[in-house]
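Structure data follow from query_28.cif (mmCIF, C-alpha atoms):
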data_work
loop_
_atom_site.label_atom_id
_atom_site.label_comp_id
_atom_site.auth_asym_id
_atom_site.auth_seq_id
_atom_site.Cartn_x
_atom_site.Cartn_y
_atom_site.Cartn_z
CA MET V 1363 24.89 -0.79 -129.40
CA THR V 1364 24.05 -1.05 -133.14
CA ASP V 1365 20.59 -0.25 -134.47
CA ALA V 1366 20.11 -3.94 -135.28
CA ARG V 1367 21.01 -5.04 -131.75
CA LEU V 1368 18.79 -2.32 -130.25
CA SER V 1369 15.89 -3.47 -132.43
CA ARG V 1370 16.39 -7.06 -131.32
CA TYR V 1371 16.43 -5.95 -127.65
CA ILE V 1372 13.24 -3.95 -128.02
CA VAL V 1373 11.48 -6.83 -129.81
CA ASN V 1374 12.56 -9.37 -127.18
CA HIS V 1375 11.64 -7.02 -124.35
CA ASP V 1376 8.24 -6.37 -125.86
CA HIS V 1377 7.73 -10.09 -126.41
CA ALA V 1378 8.50 -10.76 -122.73
CA ASN V 1379 6.08 -8.09 -121.57
CA HIS V 1380 3.49 -9.36 -124.04
CA ALA V 1381 3.88 -12.91 -122.71
CA GLU V 1382 3.45 -11.68 -119.14
CA ASP V 1383 0.34 -9.75 -120.11
CA ILE V 1384 -1.13 -12.84 -121.77
CA ALA V 1385 -0.32 -14.96 -118.66
CA ASP V 1386 -1.98 -12.36 -116.43
CA LYS V 1387 -5.08 -12.24 -118.63
CA GLU V 1388 -5.31 -16.03 -118.78
CA MET V 1389 -5.02 -16.27 -115.00
CA MET V 1390 -7.68 -13.59 -114.49
CA ILE V 1391 -10.01 -15.44 -116.85
CA LYS V 1392 -9.57 -18.63 -114.82
CA LEU V 1393 -10.14 -16.76 -111.54
CA LYS V 1394 -13.30 -15.10 -112.86
CA GLU V 1395 -14.54 -18.43 -114.19
CA GLY V 1396 -13.92 -19.92 -110.75
CA VAL V 1397 -16.07 -17.22 -109.15
CA LEU V 1398 -18.84 -17.72 -111.74
CA LYS V 1399 -18.74 -21.51 -111.38
CA ASP V 1400 -19.64 -21.46 -107.69
CA PRO V 1401 -20.68 -18.02 -106.35
CA THR V 1402 -21.07 -19.49 -102.85
CA LYS V 1403 -17.30 -19.92 -102.53
CA GLY V 1404 -15.27 -17.09 -101.03
CA THR V 1405 -12.85 -15.36 -103.40
CA LYS V 1406 -9.83 -16.43 -101.35
CA ARG V 1407 -10.93 -20.06 -101.61
CA VAL V 1408 -11.40 -19.75 -105.39
CA TYR V 1409 -7.95 -18.16 -105.71
CA ASN V 1410 -6.31 -20.98 -103.73
CA GLU V 1411 -8.06 -23.67 -105.76
CA VAL V 1412 -7.10 -22.11 -109.13
CA ALA V 1413 -3.50 -21.55 -107.99
CA LYS V 1414 -3.20 -25.18 -106.82
CA ASP V 1415 -4.61 -26.44 -110.12
CA GLU V 1416 -2.07 -24.35 -112.04
CA MET V 1417 0.80 -25.75 -109.97
CA ARG V 1418 -0.51 -29.31 -110.20
CA ASN V 1419 -0.68 -29.17 -114.01
CA SER V 1420 2.67 -27.44 -114.44
CA ASN V 1421 5.90 -28.93 -115.72
CA ASP V 1422 7.87 -26.16 -114.01
CA VAL V 1423 6.33 -25.23 -110.65
CA SER V 1424 8.79 -22.40 -109.98
CA GLU V 1425 7.99 -20.74 -113.28
CA THR V 1426 4.26 -21.18 -112.72
CA VAL V 1427 4.40 -19.71 -109.22
CA ALA V 1428 6.22 -16.67 -110.59
CA LYS V 1429 3.39 -16.09 -113.06
CA ILE V 1430 0.57 -16.36 -110.50
CA PRO V 1431 -0.44 -12.88 -109.24
CA THR V 1432 -0.81 -12.39 -105.50
CA TYR V 1433 -4.27 -12.58 -103.99
CA LYS V 1434 -3.98 -8.96 -102.89
CA ARG V 1435 -3.47 -7.92 -106.50
CA VAL V 1436 -6.55 -9.72 -107.87
CA ALA V 1437 -8.91 -9.67 -104.86
CA ARG V 1438 -10.77 -6.49 -105.84
CA THR V 1439 -11.33 -7.73 -109.41
CA MET V 1440 -12.64 -11.08 -108.17
CA GLN V 1441 -14.92 -9.41 -105.64
CA ARG V 1442 -16.34 -7.09 -108.33
CA GLN V 1443 -17.03 -10.11 -110.51
CA LYS V 1444 -18.74 -11.85 -107.64
CA SER V 1445 -20.80 -8.79 -106.68
CA LYS V 1446 -22.52 -9.04 -110.09
CA LEU V 1447 -23.92 -12.41 -109.02
CA LEU V 1448 -25.11 -11.35 -105.57
CA PRO V 1449 -28.78 -10.72 -104.78
CA PRO V 1450 -29.96 -7.08 -104.73
CA GLU V 1451 -28.93 -5.28 -101.57
CA PRO V 1452 -31.88 -4.97 -99.13
CA THR V 1453 -32.85 -1.38 -98.34
CA SER V 1454 -34.07 -2.03 -94.79
CA LEU V 1455 -33.66 -4.60 -92.04
CA GLU V 1456 -37.16 -5.97 -92.50
CA LEU V 1457 -36.50 -6.67 -96.20
CA ILE V 1458 -33.51 -8.93 -95.53
CA ASN V 1459 -34.19 -12.38 -96.99
CA LEU V 1460 -31.64 -15.05 -96.09
CA THR V 1461 -32.23 -18.29 -97.95
CA GLY V 1462 -30.28 -20.97 -99.77
CA ASP V 1463 -26.52 -20.50 -99.73
CA TRP V 1464 -26.79 -17.63 -97.23
CA LEU V 1465 -27.88 -20.15 -94.59
CA GLU V 1466 -24.84 -22.43 -94.92
CA THR V 1467 -21.07 -22.54 -94.61
CA ASN V 1468 -18.86 -23.26 -97.60
CA ASN V 1469 -19.04 -26.90 -96.45
CA LYS V 1470 -22.87 -26.86 -96.60
CA GLU V 1471 -23.31 -26.92 -92.80
CA GLN V 1472 -25.96 -24.79 -91.10
CA PHE V 1473 -24.37 -21.39 -90.47
CA LEU V 1474 -27.26 -18.99 -89.84
CA ALA V 1475 -27.89 -19.48 -86.13
CA ILE V 1476 -30.29 -16.64 -85.26
CA ASN V 1477 -32.48 -14.41 -87.42
CA ASP V 1478 -34.70 -12.53 -84.99
CA GLY V 1479 -36.89 -9.45 -85.38
CA THR V 1480 -37.87 -7.21 -88.29
CA THR V 1481 -37.08 -3.50 -87.96
CA ASP V 1482 -34.79 -4.36 -85.03
CA ARG V 1483 -33.36 -7.51 -86.61
CA ILE V 1484 -30.50 -9.43 -84.99
CA VAL V 1485 -28.61 -11.83 -87.25
CA VAL V 1486 -26.11 -14.31 -85.80
CA TYR V 1487 -23.85 -16.64 -87.78
CA ALA V 1488 -22.14 -19.62 -86.14
CA THR V 1489 -21.93 -23.39 -86.54
CA LYS V 1490 -23.11 -26.07 -84.12
CA GLU V 1491 -19.49 -27.08 -83.55
CA PHE V 1492 -18.53 -23.56 -82.51
CA ALA V 1493 -21.68 -23.23 -80.40
CA ILE V 1494 -20.51 -26.23 -78.40
CA ARG V 1495 -16.98 -24.79 -78.17
CA MET V 1496 -18.51 -21.55 -76.87
CA ALA V 1497 -20.46 -23.45 -74.19
CA LYS V 1498 -17.34 -25.37 -73.11
CA ALA V 1499 -15.01 -22.35 -72.96
CA ASP V 1500 -14.11 -21.14 -69.46
CA ILE V 1501 -13.28 -17.64 -70.73
CA LEU V 1502 -14.98 -15.76 -73.55
CA PHE V 1503 -13.58 -12.61 -75.12
CA CYS V 1504 -15.94 -10.17 -76.81
CA ASP V 1505 -15.82 -6.85 -78.62
CA GLY V 1506 -17.65 -4.88 -81.27
CA THR V 1507 -16.59 -3.10 -84.44
CA PHE V 1508 -18.43 -0.48 -86.45
CA LYS V 1509 -16.20 -0.25 -89.52
CA SER V 1510 -16.74 -3.56 -91.29
CA VAL V 1511 -20.42 -4.05 -90.43
CA PRO V 1512 -22.95 -3.97 -93.33
CA LYS V 1513 -24.57 -0.56 -93.61
CA LEU V 1514 -28.03 -1.65 -92.39
CA PHE V 1515 -26.62 -2.71 -89.03
CA LYS V 1516 -25.03 -0.68 -86.26
CA GLN V 1517 -22.21 -3.02 -85.27
CA LEU V 1518 -20.63 -6.43 -85.64
CA TYR V 1519 -20.23 -8.01 -82.20
CA THR V 1520 -18.09 -11.13 -81.93
CA PHE V 1521 -17.39 -13.71 -79.24
CA HIS V 1522 -14.04 -15.51 -79.18
CA ALA V 1523 -12.30 -18.22 -77.20
CA LYS V 1524 -8.62 -19.01 -76.92
CA TYR V 1525 -7.09 -22.31 -77.97
CA ASP V 1526 -3.36 -22.78 -77.47
CA LYS V 1527 -2.67 -19.02 -77.65
CA GLN V 1528 -4.79 -18.74 -80.83
CA MET V 1529 -7.87 -16.48 -80.60
CA ILE V 1530 -10.76 -18.15 -82.45
CA PRO V 1531 -13.88 -16.18 -83.47
CA LEU V 1532 -16.86 -18.37 -82.59
CA VAL V 1533 -19.94 -16.22 -83.18
CA TYR V 1534 -20.61 -13.28 -85.52
CA CYS V 1535 -23.51 -11.05 -84.41
CA LEU V 1536 -25.02 -8.29 -86.56
CA LEU V 1537 -26.79 -5.85 -84.26
CA PRO V 1538 -29.21 -2.98 -84.97
CA SER V 1539 -27.94 -0.88 -82.04
CA LYS V 1540 -25.52 -0.86 -79.11
CA SER V 1541 -28.17 -0.41 -76.42
CA ALA V 1542 -28.53 -2.48 -73.28
CA ALA V 1543 -31.89 -3.75 -74.57
CA THR V 1544 -30.24 -5.08 -77.76
CA TYR V 1545 -27.46 -6.73 -75.76
CA MET V 1546 -30.06 -8.32 -73.48
CA ARG V 1547 -31.89 -9.78 -76.48
CA LEU V 1548 -28.62 -11.01 -77.97
CA LEU V 1549 -27.37 -12.81 -74.86
CA ASN V 1550 -30.74 -14.45 -74.23
CA LEU V 1551 -30.97 -15.56 -77.85
CA LEU V 1552 -27.45 -17.02 -77.70
CA ARG V 1553 -28.22 -18.83 -74.46
CA ASP V 1554 -31.44 -20.34 -75.88
CA TRP V 1555 -29.73 -21.30 -79.16
CA ILE V 1556 -26.90 -23.14 -77.38
CA SER V 1557 -29.36 -24.88 -75.06
CA SER V 1558 -31.06 -26.33 -78.18
CA PHE V 1559 -27.91 -28.46 -78.60
CA GLY V 1560 -28.12 -29.73 -75.02
CA PHE V 1561 -25.45 -27.38 -73.61
CA THR V 1562 -25.57 -24.51 -71.14
CA LEU V 1563 -23.93 -21.16 -71.80
CA SER V 1564 -22.51 -20.09 -68.45
CA PRO V 1565 -18.84 -19.08 -68.80
CA LYS V 1566 -16.68 -18.64 -65.73
CA GLU V 1567 -15.35 -15.36 -67.09
CA ILE V 1568 -16.02 -12.89 -69.91
CA MET V 1569 -13.43 -10.27 -70.85
CA VAL V 1570 -14.77 -7.02 -72.26
CA ASP V 1571 -13.71 -3.51 -73.05
CA TYR V 1572 -15.33 -0.96 -70.75
CA GLU V 1573 -18.67 -0.55 -72.53
CA GLN V 1574 -21.08 -0.05 -69.66
CA ALA V 1575 -24.19 -1.37 -71.44
CA MET V 1576 -22.60 -4.75 -72.16
CA ILE V 1577 -21.05 -5.04 -68.70
CA THR V 1578 -24.42 -4.44 -67.02
CA THR V 1579 -26.18 -6.88 -69.35
CA ILE V 1580 -23.67 -9.69 -68.83
CA ARG V 1581 -24.06 -9.38 -65.07
CA ARG V 1582 -27.84 -9.62 -65.37
CA VAL V 1583 -27.92 -12.58 -67.77
CA PHE V 1584 -24.95 -14.44 -66.26
CA PRO V 1585 -24.92 -13.52 -62.54
CA ASN V 1586 -22.31 -16.21 -61.71
CA THR V 1587 -19.88 -15.10 -64.42
CA ARG V 1588 -16.95 -12.87 -63.57
CA VAL V 1589 -16.74 -9.85 -65.85
CA ARG V 1590 -13.15 -8.75 -66.28
CA GLY V 1591 -12.03 -5.58 -68.01
CA CYS V 1592 -9.17 -5.48 -70.48
CA LEU V 1593 -5.89 -4.20 -68.99
CA PHE V 1594 -4.91 -2.57 -72.28
CA HIS V 1595 -8.14 -0.57 -72.37
CA TYR V 1596 -7.58 0.50 -68.76
CA THR V 1597 -4.10 1.84 -69.55
CA GLN V 1598 -5.44 3.43 -72.73
CA CYS V 1599 -8.10 5.30 -70.74
CA ILE V 1600 -5.47 6.54 -68.28
CA TYR V 1601 -3.14 7.77 -71.04
CA ARG V 1602 -6.00 9.48 -72.85
CA HIS V 1603 -6.93 11.39 -69.72
CA VAL V 1604 -3.33 12.44 -69.25
CA GLN V 1605 -3.72 14.08 -72.66
CA SER V 1606 -7.16 15.58 -71.98
CA CYS V 1607 -5.83 17.19 -68.77
CA GLY V 1608 -3.05 18.86 -70.77
CA LEU V 1609 -0.29 16.77 -69.18
CA SER V 1610 1.01 14.81 -72.15
CA VAL V 1611 4.03 17.10 -72.58
CA GLU V 1612 5.00 16.68 -68.95
CA TYR V 1613 4.62 12.92 -69.15
CA LEU V 1614 6.51 12.45 -72.42
CA HIS V 1615 9.25 14.93 -71.45
CA SER V 1616 9.84 12.98 -68.27
CA ILE V 1617 10.53 9.66 -70.03
CA GLY V 1618 14.12 8.78 -69.26
CA ASN V 1619 14.47 11.46 -66.58
CA ASP V 1620 13.89 9.22 -63.59
CA GLU V 1621 16.98 10.46 -61.77
CA SER V 1622 15.80 14.07 -61.72
CA ASN V 1623 13.48 15.46 -59.07
CA ASN V 1624 11.51 17.75 -61.35
CA VAL V 1625 7.72 17.91 -61.51
CA GLU V 1626 7.64 15.97 -64.78
CA ALA V 1627 9.53 13.00 -63.37
CA ASP V 1628 7.29 12.98 -60.29
CA PHE V 1629 4.18 13.03 -62.47
CA LYS V 1630 5.46 10.17 -64.61
CA LYS V 1631 5.92 8.07 -61.46
CA VAL V 1632 2.39 8.93 -60.34
CA VAL V 1633 0.90 7.83 -63.66
CA ARG V 1634 2.89 4.60 -63.69
CA ARG V 1635 1.77 3.81 -60.17
CA PHE V 1636 -1.86 4.26 -61.23
CA LEU V 1637 -1.14 1.88 -64.13
CA ALA V 1638 0.31 -0.70 -61.71
CA LEU V 1639 -2.73 -0.76 -59.40
CA PRO V 1640 -4.48 -3.62 -61.28
CA PHE V 1641 -1.65 -6.01 -60.28
CA LEU V 1642 -2.25 -5.59 -56.54
CA PRO V 1643 -4.63 -7.62 -54.35
CA LEU V 1644 -7.97 -5.90 -53.80
CA THR V 1645 -7.21 -5.80 -50.07
CA GLU V 1646 -4.07 -3.72 -50.69
CA LEU V 1647 -5.57 -1.14 -53.03
CA GLU V 1648 -6.71 1.36 -50.40
CA ASP V 1649 -3.24 1.66 -48.83
CA ALA V 1650 -1.57 1.83 -52.23
CA HIS V 1651 -3.93 4.57 -53.41
CA THR V 1652 -3.33 6.56 -50.23
CA GLU V 1653 0.43 6.41 -50.81
CA ILE V 1654 0.01 7.63 -54.39
CA MET V 1655 -2.20 10.53 -53.28
CA GLU V 1656 0.40 11.60 -50.72
CA ASP V 1657 2.90 12.14 -53.54
CA ILE V 1658 0.56 14.08 -55.85
CA ASP V 1659 0.97 17.82 -56.29
CA LEU V 1660 -2.68 18.86 -55.95
CA ASN V 1661 -1.69 22.52 -56.31
CA ASP V 1662 -1.42 21.87 -60.04
CA GLN V 1663 -5.02 21.99 -61.26
CA ARG V 1664 -4.27 19.66 -64.17
CA VAL V 1665 -2.81 16.99 -61.87
CA SER V 1666 -5.72 17.46 -59.48
CA ALA V 1667 -8.19 16.99 -62.36
CA PHE V 1668 -6.40 13.82 -63.43
CA SER V 1669 -6.52 12.47 -59.86
CA ASP V 1670 -10.25 13.25 -59.57
CA TYR V 1671 -10.90 11.45 -62.86
CA HIS V 1672 -9.25 8.25 -61.64
CA LEU V 1673 -11.00 8.44 -58.27
CA ASP V 1674 -14.47 9.04 -59.72
CA ASN V 1675 -14.25 6.56 -62.61
CA TRP V 1676 -12.01 3.78 -61.35
CA PHE V 1677 -11.50 3.77 -57.62
CA LYS V 1678 -14.06 5.04 -55.13
CA ASP V 1679 -17.14 3.07 -54.09
CA GLY V 1680 -19.84 3.50 -56.71
CA SER V 1681 -17.34 4.49 -59.41
CA THR V 1682 -18.19 3.87 -63.07
CA TYR V 1683 -15.78 0.93 -63.24
CA PRO V 1684 -15.45 -0.82 -59.86
CA ARG V 1685 -12.10 -2.23 -58.77
CA GLU V 1686 -13.19 -5.84 -59.26
CA LEU V 1687 -13.65 -5.13 -62.97
CA TRP V 1688 -10.13 -3.93 -63.74
CA ASN V 1689 -8.18 -5.85 -61.12
CA GLN V 1690 -5.71 -8.35 -62.63
CA TYR V 1691 -4.11 -9.76 -59.46
CA ARG V 1692 -2.83 -13.32 -60.00
CA ASN V 1693 -4.08 -13.28 -63.57
CA PHE V 1694 -1.11 -14.75 -65.43
CA CYS V 1695 -2.81 -15.73 -68.68
CA ASP V 1696 -5.08 -13.28 -70.46
CA ARG V 1697 -5.02 -9.72 -69.21
CA THR V 1698 -6.07 -8.02 -72.44
CA ASN V 1699 -8.48 -8.29 -75.34
CA ASN V 1700 -5.62 -7.62 -77.76
CA GLY V 1701 -6.14 -10.94 -79.53
CA VAL V 1702 -9.68 -9.87 -80.40
CA GLU V 1703 -8.48 -6.41 -81.44
CA GLY V 1704 -5.90 -8.07 -83.68
CA TRP V 1705 -8.59 -10.23 -85.27
CA HIS V 1706 -10.75 -7.14 -85.89
CA SER V 1707 -7.83 -5.41 -87.59
CA ALA V 1708 -7.20 -8.41 -89.87
CA PHE V 1709 -10.92 -8.79 -90.54
CA ASN V 1710 -11.27 -5.14 -91.55
CA LYS V 1711 -8.44 -5.65 -94.04
CA ALA V 1712 -10.14 -8.76 -95.42
CA VAL V 1713 -13.38 -6.81 -95.89
CA GLY V 1714 -11.41 -4.07 -97.63
CA LYS V 1715 -13.84 -1.20 -97.12
CA SER V 1716 -16.21 0.34 -94.61
CA HIS V 1717 -19.78 -0.96 -94.50
CA PRO V 1718 -19.70 -3.66 -97.20
CA ARG V 1719 -22.78 -5.04 -98.91
CA LEU V 1720 -24.58 -7.61 -96.75
CA TYR V 1721 -24.01 -10.61 -99.03
CA GLN V 1722 -20.35 -9.73 -99.56
CA PHE V 1723 -19.99 -9.62 -95.78
CA ILE V 1724 -21.59 -13.05 -95.39
CA ASP V 1725 -19.20 -14.46 -97.99
CA ILE V 1726 -16.24 -13.14 -96.02
CA ILE V 1727 -17.35 -14.59 -92.68
CA LYS V 1728 -17.92 -17.92 -94.45
CA ASP V 1729 -14.25 -17.81 -95.43
CA GLN V 1730 -13.35 -16.87 -91.85
CA GLN V 1731 -15.35 -19.80 -90.51
CA LEU V 1732 -13.58 -22.23 -92.82
CA GLU V 1733 -10.15 -20.86 -91.86
CA PHE V 1734 -10.69 -20.98 -88.09
CA GLU V 1735 -12.46 -24.32 -88.19
CA LEU V 1736 -9.21 -25.70 -89.61
CA VAL V 1737 -7.13 -23.89 -86.97
CA SER V 1738 -9.29 -25.18 -84.10
CA ARG V 1739 -9.00 -28.77 -85.32
CA GLN V 1740 -5.24 -28.40 -85.73
CA VAL V 1741 -5.10 -27.33 -82.09
CA ASP V 1742 -7.29 -30.31 -81.13
CA ASN V 1743 -4.73 -32.54 -82.85
CA GLY V 1744 -1.90 -31.06 -80.82
CA GLU V 1745 -0.48 -28.83 -83.54
CA SER V 1746 0.72 -25.44 -82.25
CA THR V 1747 -0.49 -22.64 -84.52
CA VAL V 1748 0.94 -19.63 -82.67
CA THR V 1749 4.32 -19.03 -81.03
CA LEU V 1750 4.34 -16.57 -78.15
CA ARG V 1751 7.10 -13.98 -78.49
CA ARG V 1752 9.94 -14.32 -76.01
CA LYS V 1753 9.53 -10.82 -74.58
CA TYR V 1754 5.95 -11.61 -73.49
CA ILE V 1755 7.03 -14.87 -71.85
CA THR V 1756 9.75 -12.95 -69.96
CA LEU V 1757 7.28 -10.22 -68.94
CA ASN V 1758 4.77 -12.77 -67.66
CA ASP V 1759 7.50 -14.57 -65.66
CA ARG V 1760 8.52 -11.26 -64.13
CA ILE V 1761 4.92 -10.54 -63.10
CA LYS V 1762 4.67 -14.01 -61.54
CA ASN V 1763 7.88 -13.47 -59.55
CA LEU V 1764 6.83 -10.03 -58.33
CA THR V 1765 3.42 -11.40 -57.34
CA ALA V 1766 5.08 -14.18 -55.33
CA ILE V 1767 7.20 -11.59 -53.51
CA LEU V 1768 4.12 -9.45 -52.85
CA ASP V 1769 2.23 -12.47 -51.48
CA TRP V 1770 5.12 -13.21 -49.12
CA ILE V 1771 5.19 -9.58 -47.89
CA CYS V 1772 1.41 -9.57 -47.33
CA ARG V 1773 1.69 -12.74 -45.22
CA CYS V 1774 4.37 -11.29 -42.97
#
Give the structure from this file in structure tokens form.
Amino acid sequence: MTDARLSRYIVNHDHANHAEDIADKEMMIKLKEGVLKDPTKGTKRVYNEVAKDEMRNSNDVSETVAKIPTYKRVARTMQRQKSKLLPPEPTSLELINLTGDWLETNNKEQFLAINDGTTDRIVVYATKEFAIRMAKADILFCDGTFKSVPKLFKQLYTFHAKYDKQMIPLVYCLLPSKSAATYMRLLNLLRDWISSFGFTLSPKEIMVDYEQAMITTIRRVFPNTRVRGCLFHYTQCIYRHVQSCGLSVEYLHSIGNDESNNVEADFKKVVRRFLALPFLPLTELEDAHTEIMEDIDLNDQRVSAFSDYHLDNWFKDGSTYPRELWNQYRNFCDRTNNGVEGWHSAFNKAVGKSHPRLYQFIDIIKDQQLEFELVSRQVDNGESTVTLRRKYITLNDRIKNLTAILDWICRC
């Protein structure tokens, strides 16, 4: 390559990079202006509106799309710009002042549902439409998270309902603690708030993780509601205790060694039989447990400790988690809270950091409300928003078939 050709290449290359830099800067200016123009809009909404305007006014959509940076790339910059416009962060719960835009959704509907207390303040965000959906839902799914909650609060507790396989967050609750007294206040406040719309909150079933304070409170406030534990959390507790008893090596080493008669293979079978207990009728659990215990090597102190843990916490009368709570017999729809866990994971990513500022947090749940309001109405219109993976359909069919066989055996 001659010096002249090399010079031309460098100039052209620099011009290309320079043009890209200018396009990036111009796009960032437009995004920042969008944030400044209406601080009540979420940053994702501003990004979508600016991107659509760019495409609408373009003569070459493909070229324009290539020049638009991804939301992930610009989100932090937009959020920093927006944070400059937010009110000062309150330093205590009693100093929180929610007025104006912090009362409404992005569509100017009432969003602040409950603002109760001072030093023990409970703040709940939800719309009237989702309050009614909550009242009409047969099954509610609930869970708390501590990572993405604003620093003045202890946890974010959310209630969800399922629509055509899509888990929809209905209510966002900022709580000052995770005590039974706080949960009691929350559930009574929610019940009174929903009754103000002429509806009664009395779900047939509520699925929870195994937090004892919430389980006890639900049973007191909603005595006719079945409280069902999450199957995934049950299996997680069992696996964790395998580890705490020092048996994880034996269990993992035994995977794939079913044909052998060694201690590890026997222990693996024992654990898997404990994991299968939720699928049996309550009337068959005693006999099944007796059969498992007959095969346990109680001479091994670790195995004996594991057996005692399951008996004391999950099986005997008066155990921490009674059988009715974790039993999943003939439950062919929703055996886990994984949909809620998945939402929490996505929500934490949307927040982007632990313990965000209060007003940043409210902005984000306003975006969430807008997104899931659209999803819920799409479902109402008969549009499927989620496709269940084939392996889960096959697994559920297998459970149905095995349950039918078990029912036939029990009748004989």
For this session: Please provide the set of residues having any atom within 12 Å of V:Ile1577, restricted to all atoms listed in the file, with same-chain residues fewer than 4 positions apart removed, written as a PyMOL selection string.
Result: chain V and resi 1504-1505+1541-1542+1545-1546+1549+1567-1573+1581-1585+1587-1591+1682-1684+1687
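The gap separating atom CA of V:Arg1495 from atom CA of V:Ala1523 is 8.1 Å, in Å to one decimal.
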Hey, what's within 12 Å of V:Thr1507 if we count all atoms listed in the file and toss same-chain stuff fewer than 4 positions away? As an mmCIF file with C-alpha atoms, keeping the file's coordinate frame, please?
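The resulting file, selection-v7.cif, is shown below:
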data_model
loop_
_atom_site.group_PDB
_atom_site.id
_atom_site.type_symbol
_atom_site.label_atom_id
_atom_site.label_comp_id
_atom_site.auth_asym_id
_atom_site.auth_seq_id
_atom_site.Cartn_x
_atom_site.Cartn_y
_atom_site.Cartn_z
ATOM 1 C CA VAL V 1511 -20.420 -4.050 -90.430
ATOM 2 C CA PRO V 1512 -22.950 -3.970 -93.330
ATOM 3 C CA PHE V 1515 -26.620 -2.710 -89.030
ATOM 4 C CA LYS V 1516 -25.030 -0.680 -86.260
ATOM 5 C CA GLN V 1517 -22.210 -3.020 -85.270
ATOM 6 C CA LEU V 1518 -20.630 -6.430 -85.640
ATOM 7 C CA TYR V 1519 -20.230 -8.010 -82.200
ATOM 8 C CA THR V 1520 -18.090 -11.130 -81.930
ATOM 9 C CA PHE V 1521 -17.390 -13.710 -79.240
ATOM 10 C CA TYR V 1534 -20.610 -13.280 -85.520
ATOM 11 C CA CYS V 1535 -23.510 -11.050 -84.410
ATOM 12 C CA LEU V 1536 -25.020 -8.290 -86.560
ATOM 13 C CA LEU V 1537 -26.790 -5.850 -84.260
ATOM 14 C CA SER V 1539 -27.940 -0.880 -82.040
ATOM 15 C CA LYS V 1540 -25.520 -0.860 -79.110
ATOM 16 C CA ASP V 1571 -13.710 -3.510 -73.050
ATOM 17 C CA VAL V 1702 -9.680 -9.870 -80.400
ATOM 18 C CA GLU V 1703 -8.480 -6.410 -81.440
ATOM 19 C CA GLY V 1704 -5.900 -8.070 -83.680
ATOM 20 C CA TRP V 1705 -8.590 -10.230 -85.270
ATOM 21 C CA HIS V 1706 -10.750 -7.140 -85.890
ATOM 22 C CA SER V 1707 -7.830 -5.410 -87.590
ATOM 23 C CA PHE V 1709 -10.920 -8.790 -90.540
ATOM 24 C CA ASN V 1710 -11.270 -5.140 -91.550
ATOM 25 C CA SER V 1716 -16.210 0.340 -94.610
ATOM 26 C CA HIS V 1717 -19.780 -0.960 -94.500
#
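Here atom CA of V:Lys1406 is placed at a distance of 21.3 Å from atom CA of V:Gln1528.
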For this session: Identify all residues satisfying the PyMOL selection byres ((chain V and resi 1473) around 9) in the given file; provide them as a ChimeraX atom specification.
Result: /V:1464-1467,1470-1472,1474-1475,1486-1490,1728
Exercise. Any chance you could work out the residue set of the PyMOL selection byres ((chain V and resi 1649-1657) around 12) here, as a PyMOL selection string?
Worked result: chain V and resi 1625+1627-1648+1658-1661+1665-1666+1668-1670+1672-1673+1676-1678+1685
Go ahead and save the residues from that selection, with C-alpha atoms, as a compact mmCIF listing (two decimals), in the coordinates of the input.
# COMPACT_ATOMS: atom_id res chain seq x y z
CA VAL V 1625 7.72 17.91 -61.51
CA ALA V 1627 9.53 13.00 -63.37
CA ASP V 1628 7.29 12.98 -60.29
CA PHE V 1629 4.18 13.03 -62.47
CA LYS V 1630 5.46 10.17 -64.61
CA LYS V 1631 5.92 8.07 -61.46
CA VAL V 1632 2.39 8.93 -60.34
CA VAL V 1633 0.90 7.83 -63.66
CA ARG V 1634 2.89 4.60 -63.69
CA ARG V 1635 1.77 3.81 -60.17
CA PHE V 1636 -1.86 4.26 -61.23
CA LEU V 1637 -1.14 1.88 -64.13
CA ALA V 1638 0.31 -0.70 -61.71
CA LEU V 1639 -2.73 -0.76 -59.40
CA PRO V 1640 -4.48 -3.62 -61.28
CA PHE V 1641 -1.65 -6.01 -60.28
CA LEU V 1642 -2.25 -5.59 -56.54
CA PRO V 1643 -4.63 -7.62 -54.35
CA LEU V 1644 -7.97 -5.90 -53.80
CA THR V 1645 -7.21 -5.80 -50.07
CA GLU V 1646 -4.07 -3.72 -50.69
CA LEU V 1647 -5.57 -1.14 -53.03
CA GLU V 1648 -6.71 1.36 -50.40
CA ILE V 1658 0.56 14.08 -55.85
CA ASP V 1659 0.97 17.82 -56.29
CA LEU V 1660 -2.68 18.86 -55.95
CA ASN V 1661 -1.69 22.52 -56.31
CA VAL V 1665 -2.81 16.99 -61.87
CA SER V 1666 -5.72 17.46 -59.48
CA PHE V 1668 -6.40 13.82 -63.43
CA SER V 1669 -6.52 12.47 -59.86
CA ASP V 1670 -10.25 13.25 -59.57
CA HIS V 1672 -9.25 8.25 -61.64
CA LEU V 1673 -11.00 8.44 -58.27
CA TRP V 1676 -12.01 3.78 -61.35
CA PHE V 1677 -11.50 3.77 -57.62
CA LYS V 1678 -14.06 5.04 -55.13
CA ARG V 1685 -12.10 -2.23 -58.77
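The closest residue to V:Gln1690, picked from V:Ser1610, V:Asn1675, V:Thr1765, V:Thr1426 and counting all atoms listed in the file, is V:Thr1765.
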Problem set entry | Result set of the PyMOL selection byres ((chain V and resi 1722) around 9) on the coordinates above, as number ranges by chain | V: 1441, 1444-1445, 1448, 1512, 1713, 1718-1721, 1723-1727
Problem set entry | Neighbour list for V:Met1389 as a ChimeraX atom specification, cut-off 10 Å, only C-alpha atoms, skip fewer than 6 positions in-chain | /V:1383,1395,1409,1412-1413,1416,1429-1431,1436
